[in-house]
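Chemist: Structure file query-v7.txt (compact mmCIF, C-alpha atoms) right here:
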# COMPACT_ATOMS: atom_id res chain seq x y z
CA MET A 1 0.00 0.00 0.00
CA ARG A 2 1.35 3.44 -0.98
CA LYS A 3 0.76 5.69 2.00
CA ARG A 4 0.94 9.24 0.64
CA PRO A 5 -1.66 8.76 -2.13
CA ILE A 6 -3.97 7.03 0.38
CA ALA A 7 -3.51 9.90 2.86
CA LEU A 8 -4.24 12.55 0.22
CA ILE A 9 -7.31 10.72 -1.00
CA LEU A 10 -8.52 10.38 2.61
CA LEU A 11 -7.97 14.12 3.16
CA SER A 12 -9.72 15.21 -0.02
CA HIS A 13 -12.65 12.86 0.62
CA ALA A 14 -12.99 14.30 4.13
CA VAL A 15 -13.05 17.87 2.80
CA VAL A 16 -15.64 17.13 0.10
CA ASP A 17 -18.02 15.27 2.41
CA SER A 18 -17.63 17.69 5.34
CA CYS A 19 -18.62 20.56 3.03
CA GLN A 20 -21.63 18.57 1.84
CA ASN A 21 -22.74 17.52 5.31
CA ILE A 22 -23.14 20.95 6.85
CA LEU A 23 -26.69 20.62 5.51
CA PRO A 24 -28.22 18.87 8.59
CA VAL A 25 -27.22 21.84 10.76
CA VAL A 26 -28.08 24.51 8.19
CA LEU A 27 -31.48 23.10 7.20
CA PRO A 28 -33.24 23.76 10.56
CA LEU A 29 -32.15 27.41 10.29
CA LEU A 30 -33.22 27.66 6.65
CA ARG A 31 -36.49 25.99 7.63
CA ASP A 32 -37.13 28.78 10.14
CA ARG A 33 -36.01 31.49 7.69
CA PHE A 34 -38.16 30.33 4.76
CA GLY A 35 -40.99 28.64 6.72
CA LEU A 36 -40.41 25.22 5.18
CA SER A 37 -42.36 22.01 5.79
CA TYR A 38 -40.69 18.68 6.54
CA SER A 39 -41.44 17.66 2.94
CA GLN A 40 -39.54 20.68 1.63
CA VAL A 41 -36.65 19.93 3.99
CA GLY A 42 -36.60 16.34 2.77
CA LEU A 43 -36.72 17.46 -0.87
CA ALA A 44 -33.73 19.78 -0.41
CA ALA A 45 -31.69 17.02 1.22
CA ALA A 46 -32.81 14.49 -1.38
CA LEU A 47 -31.83 16.73 -4.31
CA LEU A 48 -28.29 17.10 -3.00
CA THR A 49 -27.98 13.36 -2.42
CA ILE A 50 -29.50 12.50 -5.80
CA SER A 51 -27.50 15.00 -7.85
CA SER A 52 -24.26 13.98 -6.14
CA SER A 53 -25.02 10.29 -6.62
CA LEU A 54 -27.16 9.30 -9.57
CA ILE A 55 -24.78 10.65 -12.21
CA GLN A 56 -21.70 9.09 -10.61
CA PRO A 57 -21.87 6.01 -12.89
CA VAL A 58 -21.64 8.38 -15.89
CA PHE A 59 -18.51 10.01 -14.48
CA GLY A 60 -17.14 6.56 -13.62
CA TRP A 61 -17.74 5.33 -17.16
CA MET A 62 -16.03 8.45 -18.51
CA SER A 63 -13.02 7.79 -16.26
CA ASP A 64 -12.79 4.17 -17.46
CA ARG A 65 -12.93 5.34 -21.07
CA TRP A 66 -10.88 8.56 -21.06
CA GLY A 67 -8.96 8.63 -17.78
CA THR A 68 -10.33 11.99 -16.60
CA GLN A 69 -8.06 12.40 -13.57
CA TRP A 70 -8.66 16.15 -13.42
CA PHE A 71 -12.12 15.39 -12.00
CA LEU A 72 -10.36 14.85 -8.66
CA PRO A 73 -9.14 18.41 -7.87
CA ALA A 74 -11.95 20.05 -9.85
CA GLY A 75 -14.60 18.19 -7.85
CA ILE A 76 -13.06 19.33 -4.56
CA VAL A 77 -12.98 23.02 -5.54
CA TRP A 78 -16.47 22.94 -7.07
CA THR A 79 -18.04 21.35 -3.98
CA GLY A 80 -16.40 23.79 -1.57
CA MET A 81 -17.36 26.86 -3.58
CA LEU A 82 -20.97 25.89 -4.26
CA MET A 83 -21.68 24.63 -0.75
CA GLY A 84 -20.16 27.84 0.55
CA MET A 85 -23.02 29.70 -1.15
CA VAL A 86 -25.78 27.84 0.70
CA GLY A 87 -25.93 30.37 3.52
CA LEU A 88 -26.31 33.24 1.05
CA VAL A 89 -29.35 31.98 -0.87
CA PRO A 90 -32.27 34.46 -0.91
CA ASN A 91 -35.06 31.89 -1.22
CA TYR A 92 -35.93 28.19 -1.23
CA TRP A 93 -35.77 27.75 -5.02
CA THR A 94 -32.27 29.19 -5.19
CA LEU A 95 -31.28 26.82 -2.41
CA LEU A 96 -32.49 23.86 -4.48
CA LEU A 97 -30.52 25.05 -7.52
CA VAL A 98 -27.30 25.50 -5.53
CA LEU A 99 -27.66 22.05 -3.96
CA VAL A 100 -28.17 20.40 -7.36
CA LEU A 101 -25.09 22.13 -8.80
CA THR A 102 -23.04 21.19 -5.73
CA GLY A 103 -23.90 17.57 -6.35
CA VAL A 104 -22.29 17.64 -9.80
CA GLY A 105 -18.88 18.35 -8.25
CA THR A 106 -19.11 15.54 -5.73
CA ALA A 107 -20.38 13.16 -8.43
CA ALA A 108 -17.28 13.87 -10.53
CA PHE A 109 -14.95 13.44 -7.56
CA HIS A 110 -16.01 10.12 -6.04
CA PRO A 111 -15.49 7.51 -8.82
CA VAL A 112 -12.02 8.83 -9.71
CA ALA A 113 -11.04 9.00 -6.03
CA ALA A 114 -12.24 5.43 -5.42
CA MET A 115 -10.24 4.19 -8.42
CA ALA A 116 -7.14 5.97 -7.11
CA ALA A 117 -7.61 4.42 -3.66
CA ALA A 118 -7.98 0.94 -5.16
CA HIS A 119 -4.80 1.39 -7.19
CA ALA A 120 -2.77 2.75 -4.26
CA ALA A 121 -3.99 -0.05 -1.96
CA ARG A 122 -2.56 -2.78 -4.20
CA ASN A 123 -3.42 -6.20 -2.69
CA GLN A 124 -4.89 -4.75 0.53
CA ARG A 125 -7.95 -3.42 -1.21
CA GLY A 126 -10.35 -3.92 1.69
CA LEU A 127 -8.13 -1.94 4.04
CA GLY A 128 -7.23 0.64 1.40
CA MET A 129 -10.84 1.28 0.48
CA SER A 130 -11.68 1.57 4.17
CA PHE A 131 -9.24 4.51 4.35
CA PHE A 132 -11.07 6.08 1.42
CA SER A 133 -14.39 5.53 3.18
CA VAL A 134 -13.10 6.75 6.52
CA GLY A 135 -12.23 10.04 4.87
CA GLY A 136 -15.83 10.46 3.75
CA ASN A 137 -17.23 9.27 7.05
CA LEU A 138 -14.98 11.61 9.00
CA GLY A 139 -16.06 14.40 6.69
CA PHE A 140 -19.70 13.60 7.31
CA ALA A 141 -19.00 13.56 11.05
CA LEU A 142 -17.01 16.82 11.05
CA GLY A 143 -19.43 18.72 8.81
CA PRO A 144 -22.13 19.27 11.47
CA ILE A 145 -19.52 20.07 14.14
CA LEU A 146 -17.75 22.52 11.81
CA MET A 147 -20.98 24.32 10.95
CA THR A 148 -22.10 24.38 14.59
CA TRP A 149 -18.75 25.94 15.52
CA ILE A 150 -19.12 28.55 12.78
CA LEU A 151 -22.58 29.45 14.09
CA LEU A 152 -21.42 29.65 17.71
CA LEU A 153 -18.64 32.04 16.68
CA GLY A 154 -21.33 34.39 15.42
CA PHE A 155 -20.79 34.14 11.66
CA GLY A 156 -24.39 33.05 11.09
CA LEU A 157 -25.51 31.37 7.90
CA GLN A 158 -23.13 33.56 5.90
CA GLY A 159 -20.31 31.60 7.55
CA THR A 160 -20.81 28.83 5.00
CA THR A 161 -18.48 30.85 2.74
CA LEU A 162 -15.59 29.74 4.98
CA LEU A 163 -15.89 26.29 3.36
CA ILE A 164 -14.26 27.62 0.20
CA LEU A 165 -10.84 27.76 1.90
CA PRO A 166 -10.42 24.05 2.82
CA GLY A 167 -11.63 23.13 -0.66
CA LEU A 168 -8.90 25.20 -2.28
CA VAL A 169 -6.21 23.87 0.08
CA ALA A 170 -7.14 20.20 -0.45
CA ALA A 171 -7.32 20.62 -4.23
CA GLY A 172 -3.90 22.29 -4.14
CA PHE A 173 -2.32 19.32 -2.36
CA VAL A 174 -3.92 16.89 -4.80
CA HIS A 175 -2.61 18.91 -7.75
CA VAL A 176 0.94 19.07 -6.36
CA TYR A 177 1.10 15.28 -5.86
CA ARG A 178 -1.07 14.37 -8.82
CA ARG A 179 1.57 12.09 -10.40
CA GLU A 180 1.52 9.86 -7.33
CA ILE A 181 -2.28 9.78 -7.13
CA GLU A 182 -3.28 9.37 -10.78
CA VAL A 183 -4.32 5.94 -12.01
CA PRO A 184 -2.32 4.72 -15.05
CA PHE A 185 -4.70 4.87 -17.98
CA VAL A 186 -4.97 1.97 -20.40
CA LYS A 187 -5.96 3.09 -23.90
CA ALA A 188 -9.11 1.75 -25.52
CA LYS A 189 -7.29 -0.38 -28.12
CA GLU A 190 -5.25 -2.12 -25.43
CA ARG A 191 -8.33 -2.72 -23.28
CA HIS A 192 -10.21 -4.33 -26.15
CA ARG A 193 -7.39 -6.85 -26.60
CA GLN A 194 -7.87 -8.05 -23.05
CA GLU A 195 -10.37 -10.73 -22.22
CA ARG A 196 -13.47 -9.31 -20.53
CA ALA A 197 -15.76 -11.40 -18.35
CA PRO A 198 -19.52 -10.76 -18.70
CA ILE A 199 -21.05 -8.42 -16.16
CA PRO A 200 -22.85 -10.47 -13.44
CA TRP A 201 -26.05 -8.42 -13.44
CA PRO A 202 -28.02 -10.51 -10.87
CA LYS A 203 -25.26 -10.17 -8.25
CA LEU A 204 -24.72 -6.52 -9.08
CA SER A 205 -28.45 -5.76 -8.87
CA ALA A 206 -28.73 -7.44 -5.47
CA LEU A 207 -25.75 -5.45 -4.22
CA CYS A 208 -27.23 -2.18 -5.49
CA GLY A 209 -30.55 -3.02 -3.84
CA LEU A 210 -28.76 -3.65 -0.56
CA ILE A 211 -26.88 -0.34 -0.78
CA THR A 212 -30.12 1.49 -1.63
CA LEU A 213 -31.83 0.26 1.55
CA ARG A 214 -28.78 1.00 3.67
CA SER A 215 -28.29 4.43 2.13
CA TRP A 216 -31.94 5.35 2.60
CA GLY A 217 -31.63 4.62 6.31
CA TYR A 218 -28.22 6.28 6.59
CA SER A 219 -29.04 9.46 4.64
CA GLY A 220 -32.41 9.81 6.33
CA LEU A 221 -30.95 9.53 9.82
CA ILE A 222 -28.29 12.13 9.04
CA ILE A 223 -30.99 14.63 8.05
CA PHE A 224 -33.76 13.78 10.50
CA LEU A 225 -31.84 12.72 13.63
CA PRO A 226 -31.04 16.36 14.60
CA LEU A 227 -34.68 17.31 13.98
CA PHE A 228 -35.84 14.28 16.01
CA LEU A 229 -33.63 15.23 18.95
CA ARG A 230 -34.63 18.89 18.66
CA GLU A 231 -38.30 17.84 18.84
CA GLN A 232 -37.45 16.12 22.14
CA GLY A 233 -36.29 19.47 23.53
CA ILE A 234 -32.56 18.90 22.95
CA ASP A 235 -30.52 21.96 21.93
CA LEU A 236 -29.37 22.10 18.30
CA SER A 237 -25.68 22.16 19.31
CA VAL A 238 -26.17 18.96 21.37
CA ALA A 239 -28.02 17.35 18.46
CA GLY A 240 -25.07 18.27 16.23
CA ARG A 241 -22.67 16.60 18.65
CA ALA A 242 -24.88 13.49 18.74
CA LEU A 243 -24.66 13.29 14.95
CA PHE A 244 -20.88 13.75 15.19
CA VAL A 245 -20.58 10.82 17.65
CA PHE A 246 -22.72 8.62 15.39
CA LEU A 247 -20.66 9.41 12.29
CA PHE A 248 -17.20 9.67 13.88
CA PHE A 249 -17.39 6.23 15.44
CA GLY A 250 -18.98 5.05 12.22
CA ALA A 251 -15.78 6.11 10.47
CA LEU A 252 -13.80 3.93 12.86
CA GLY A 253 -16.22 1.10 12.18
CA GLY A 254 -15.59 1.56 8.47
CA MET A 255 -11.87 0.97 8.96
CA LEU A 256 -12.53 -2.08 11.11
CA GLY A 257 -14.99 -3.49 8.60
CA GLY A 258 -12.60 -3.03 5.68
CA HIS A 259 -9.76 -4.76 7.57
CA LEU A 260 -11.98 -7.64 8.68
CA SER A 261 -13.32 -8.13 5.16
CA ASP A 262 -9.78 -8.93 3.94
CA ARG A 263 -9.60 -11.64 6.60
CA VAL A 264 -13.05 -13.17 7.12
CA GLY A 265 -14.83 -12.25 3.87
CA ARG A 266 -16.90 -9.44 2.39
CA LYS A 267 -20.32 -11.06 2.78
CA GLN A 268 -19.81 -11.91 6.44
CA VAL A 269 -18.91 -8.33 7.38
CA ILE A 270 -21.75 -6.78 5.35
CA ALA A 271 -24.47 -9.07 6.72
CA THR A 272 -23.36 -8.96 10.36
CA SER A 273 -22.99 -5.19 10.53
CA LEU A 274 -26.34 -4.44 8.92
CA LEU A 275 -28.35 -7.01 10.87
CA THR A 276 -27.10 -5.74 14.24
CA PHE A 277 -27.62 -2.04 13.52
CA PRO A 278 -31.43 -1.73 14.06
CA PHE A 279 -31.20 -3.19 17.57
CA LEU A 280 -28.37 -0.86 18.58
CA MET A 281 -29.97 2.25 17.09
CA ALA A 282 -33.38 1.46 18.57
CA ALA A 283 -31.80 1.22 22.01
CA ALA A 284 -29.94 4.51 21.45
CA LEU A 285 -33.18 6.34 20.59
CA ALA A 286 -35.15 4.75 23.43
CA LEU A 287 -32.63 5.47 26.20
CA SER A 288 -31.15 8.72 27.50
CA GLY A 289 -28.06 9.89 29.36
CA PRO A 290 -24.56 8.39 28.89
CA SER A 291 -25.98 5.10 27.57
CA ARG A 292 -27.47 6.94 24.57
CA TRP A 293 -24.07 8.33 23.59
CA ILE A 294 -22.41 4.91 23.89
CA LEU A 295 -25.10 3.20 21.85
CA LEU A 296 -24.99 5.94 19.20
CA ALA A 297 -21.27 5.30 18.84
CA VAL A 298 -21.65 1.51 18.57
CA ALA A 299 -24.62 1.83 16.20
CA GLY A 300 -22.60 4.11 13.96
CA MET A 301 -19.75 1.59 13.91
CA ALA A 302 -22.15 -1.20 12.95
CA LEU A 303 -23.83 0.74 10.13
CA LEU A 304 -20.70 2.13 8.50
CA ALA A 305 -18.63 -1.05 8.82
CA SER A 306 -20.09 -2.23 5.51
CA PHE A 307 -19.51 0.95 3.48
CA SER A 308 -16.05 0.33 2.06
CA VAL A 309 -16.72 -3.40 1.83
CA THR A 310 -19.62 -2.99 -0.61
CA VAL A 311 -17.42 -0.83 -2.88
CA VAL A 312 -14.70 -3.49 -2.90
CA PHE A 313 -17.33 -6.17 -3.48
CA ALA A 314 -18.51 -4.32 -6.61
CA GLN A 315 -14.94 -3.71 -7.83
CA GLU A 316 -14.26 -7.43 -7.55
CA LEU A 317 -17.44 -8.17 -9.47
CA LEU A 318 -16.28 -5.75 -12.21
CA PRO A 319 -12.46 -5.88 -12.04
CA GLN A 320 -12.05 -4.30 -15.50
CA HIS A 321 -14.67 -1.57 -14.97
CA LEU A 322 -13.51 0.01 -11.72
CA GLY A 323 -14.92 3.44 -12.52
CA LEU A 324 -18.34 2.01 -13.33
CA ALA A 325 -18.28 -0.23 -10.25
CA SER A 326 -17.32 2.70 -8.02
CA GLY A 327 -19.94 4.95 -9.61
CA LEU A 328 -22.70 2.38 -9.14
CA THR A 329 -21.94 1.64 -5.49
CA LEU A 330 -21.01 5.17 -4.43
CA GLY A 331 -23.47 6.92 -6.69
CA LEU A 332 -26.47 5.27 -8.28
CA ALA A 333 -27.52 3.12 -5.34
CA PHE A 334 -26.71 5.88 -2.84
CA GLY A 335 -28.76 8.32 -4.93
CA ALA A 336 -31.68 5.91 -4.96
CA GLY A 337 -31.42 5.98 -1.18
CA GLY A 338 -31.57 9.75 -1.43
CA LEU A 339 -34.94 9.47 -3.16
CA GLY A 340 -36.07 7.64 -0.05
CA VAL A 341 -35.08 10.64 2.08
CA GLY A 342 -37.66 12.70 0.21
CA MET A 343 -40.23 9.99 0.93
CA SER A 344 -39.22 10.04 4.60
CA GLY A 345 -39.87 13.77 4.71
CA LEU A 346 -43.34 13.20 3.27
CA MET A 347 -43.99 10.43 5.82
CA ALA A 348 -42.84 12.76 8.61
CA ASP A 349 -45.51 15.28 7.55
CA LEU A 350 -48.21 12.61 7.22
CA LEU A 351 -47.37 10.20 10.06
CA GLY A 352 -45.14 12.24 12.33
CA LEU A 353 -41.38 12.61 12.59
CA ARG A 354 -41.04 9.86 15.21
CA THR A 355 -42.68 7.23 13.00
CA SER A 356 -40.54 8.23 10.03
CA VAL A 357 -37.30 7.98 12.03
CA TRP A 358 -38.19 4.52 13.38
CA MET A 359 -38.83 3.33 9.83
CA LEU A 360 -35.36 4.60 8.85
CA VAL A 361 -33.84 2.53 11.67
CA ILE A 362 -35.34 -0.68 10.24
CA LEU A 363 -34.14 -0.25 6.64
CA PRO A 364 -30.47 -1.30 7.15
CA GLY A 365 -31.73 -4.50 8.78
CA LEU A 366 -33.64 -5.30 5.60
CA ALA A 367 -30.41 -4.68 3.69
CA GLY A 368 -28.73 -7.21 5.98
CA LEU A 369 -31.28 -9.84 4.95
CA VAL A 370 -30.40 -9.18 1.30
CA ALA A 371 -26.71 -9.57 2.20
CA LEU A 372 -27.35 -13.12 3.38
CA LYS A 373 -28.17 -14.02 -0.24
CA LEU A 374 -25.00 -12.54 -1.74
CA ARG A 375 -22.26 -14.74 -3.17
CA SER A 376 -18.74 -13.42 -2.90
CA PRO A 377 -16.94 -12.73 -6.21
CA ARG A 378 -14.16 -15.09 -7.16
CA THR A 379 -11.67 -12.34 -8.03
CA ARG A 380 -8.56 -12.61 -5.87
CA LEU A 381 -7.28 -9.48 -4.27
CA HIS A 382 -3.76 -9.82 -5.59
CA GLU A 383 -4.98 -9.91 -9.19
CA ALA A 384 -4.61 -6.45 -10.70
CA PRO A 385 -7.57 -5.41 -12.86
CA ALA A 386 -6.91 -4.59 -16.46
CA SER A 387 -7.45 -0.87 -16.00
CA LEU A 388 -4.93 -0.74 -13.12
CA PRO A 389 -1.69 -2.40 -14.27
CA ALA A 390 0.19 -3.98 -11.38
CA GLN A 391 3.54 -2.99 -12.83
CA ALA A 392 2.76 0.71 -13.00
CA GLU A 393 4.69 2.68 -10.37
CA HIS A 394 5.23 6.34 -9.72
Go through the file and emit its structure as structure tokens.
Modeler:
Amino acid sequence: MRKRPIALILLSHAVVDSCQNILPVVLPLLRDRFGLSYSQVGLAAALLTISSSLIQPVFGWMSDRWGTQWFLPAGIVWTGMLMGMVGLVPNYWTLLLVLVLTGVGTAAFHPVAAMAAAHAARNQRGLGMSFFSVGGNLGFALGPILMTWILLLGFGLQGTTLLILPGLVAAGFVHVYRREIEVPFVKAKERHRQERAPIPWPKLSALCGLITLRSWGYSGLIIFLPLFLREQGIDLSVAGRALFVFLFFGALGGMLGGHLSDRVGRKQVIATSLLTFPFLMAAALALSGPSRWILLAVAGMALLASFSVTVVFAQELLPQHLGLASGLTLGLAFGAGGLGVGMSGLMADLLGLRTSVWMLVILPGLAGLVALKLRSPRTRLHEAPASLPAQAEH
């Protein structure tokens, strides 16, 4: 495993996802400013998730075909700048437009970054991809804390503009060390000479269905957990810290899950983590005091333990289409989960926020049942895919 490329990919992933995940803290304030319903809150969150996810397979396919490595720094800068404008929007419709445009930058970034992480990890792909995922999970955890800190310092919603700076810094580092990070590109004529196995659509569809259910629960809890806690009379800053605990320890769980998947198998880690999550999260919501914080941490570890593993699972199903595999698992299925967030907002208006949140808790458990039916791909970790030559060194 090459450490500096992995570290830079982790850093850039953290910056991109922390910028994106200020939304759970900003949305309650924008809800008060614009007088939004829960459905409108859910739609705003869903549009960001969908736009940043559903077109990822397209960007992944483009990277497989043309080697568009410049998507990496460009996606970082674009996300930081556009998300920095969220606090300046004059109305709800402008907010929706800015969120959709922000998603384009993150959609371009993720497939290329996942390919780079897979290449730098060499034959420790489970562990290497867990570092990639931990960057995103840490970013998601730090986003609410960062925005809460900005608000407490008195910057107000206009403080979102401060996000532009870390985006520029991270993109600068990636540009300086781009030769170490870039994936060696195999030209189309050379790829066509190589034998290509057929795409296993039934396995891939089951995996995408699993990720959709998990992502629906995950994305929905990120948005509605602070609102749920606020409805219980908990201060917004405390709700932000609760979300940080859930996501920070989830990031640690992602590293553990990636490491274990190299040793005990992908399917075993995915199924176990998802099946245990509903029980842990239900206990965290039902209890109070120190036990709630502990259970939030453990529940986060259980849910996010499978994140990097599902990406590796897809890359091993499609070893010669890494960009497409990364785009499908990080993008399309995650975006389909984002559609569910909009539905959860509608259910919160119709059935109540509490009912909607409890339904979100159950969804990863259903994904765990799907995981029991998965069959692990036969690709061995030490076999380099065609698009990532093993001999290529920087």
Chemist: What lies within 8 Å of stretch 237-239 of chain A using only C-alpha atoms, ignoring chain neighbours under 4 positions off, as a ChimeraX atom specification?
Modeler: /A:148,225-226,229-230,243
Chemist: Between atom CA of A:Val98 and atom CA of A:Gly156, what is the spacing in Å?
Modeler: 18.5 Å
Chemist: Contacts of A:Ile164 at 10 Å or less, counting all atoms listed in the file, minus same-chain residues fewer than 3 places along, as an MDAnalysis selection string?
Modeler: chainID A and resid 19 76:85 160:161 167:169
Chemist: Identify, on the basis of all atoms listed in the file, every residue whose closest approach to stretch 33-43 of chain A does not exceed 8 Å; exclude the query and any residue fewer than 4 positions from it along the same chain; express the result as a list in words.
Modeler: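 Returned residues: Leu27, Leu29, Leu47, Asn91, Tyr92, Ile223, Val341, Gly342, Met343, Ser344, Gly345, Leu346, Ala348 and Asp349 of chain A.
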Chemist: In Å, with one decimal, what is the gap from atom CA of A:Ile22 to atom CA of A:Ala74?
Modeler: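 So the answer is 20.1 Å.
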Chemist: Taking 6 positions as the minimum chain separation for residues in the same chain, which residues sit within 7 Å of stretch 317-331 of chain A when counting only C-alpha atoms? Answer as a ChimeraX atom specification.
Modeler: /A:53-57,60-61,63-64,111-112,114-115,199,208,311,377,385-387
Chemist: Excluding A:Trp358 and residues on its chain fewer than 5 positions from it, collect all residues at most 10 Å away from it, counting only C-alpha atoms, and give them as JSON, numbers by chain.
Modeler: {"A": [217, 221, 278, 281, 282, 285, 353, 363]}
Chemist: One decimal, in Å: what's the spacing between atom CA of A:Leu252 and atom CA of A:Met301?
Modeler: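 Atom-to-atom, atom CA of A:Leu252 and atom CA of A:Met301 are spaced 6.5 Å apart.
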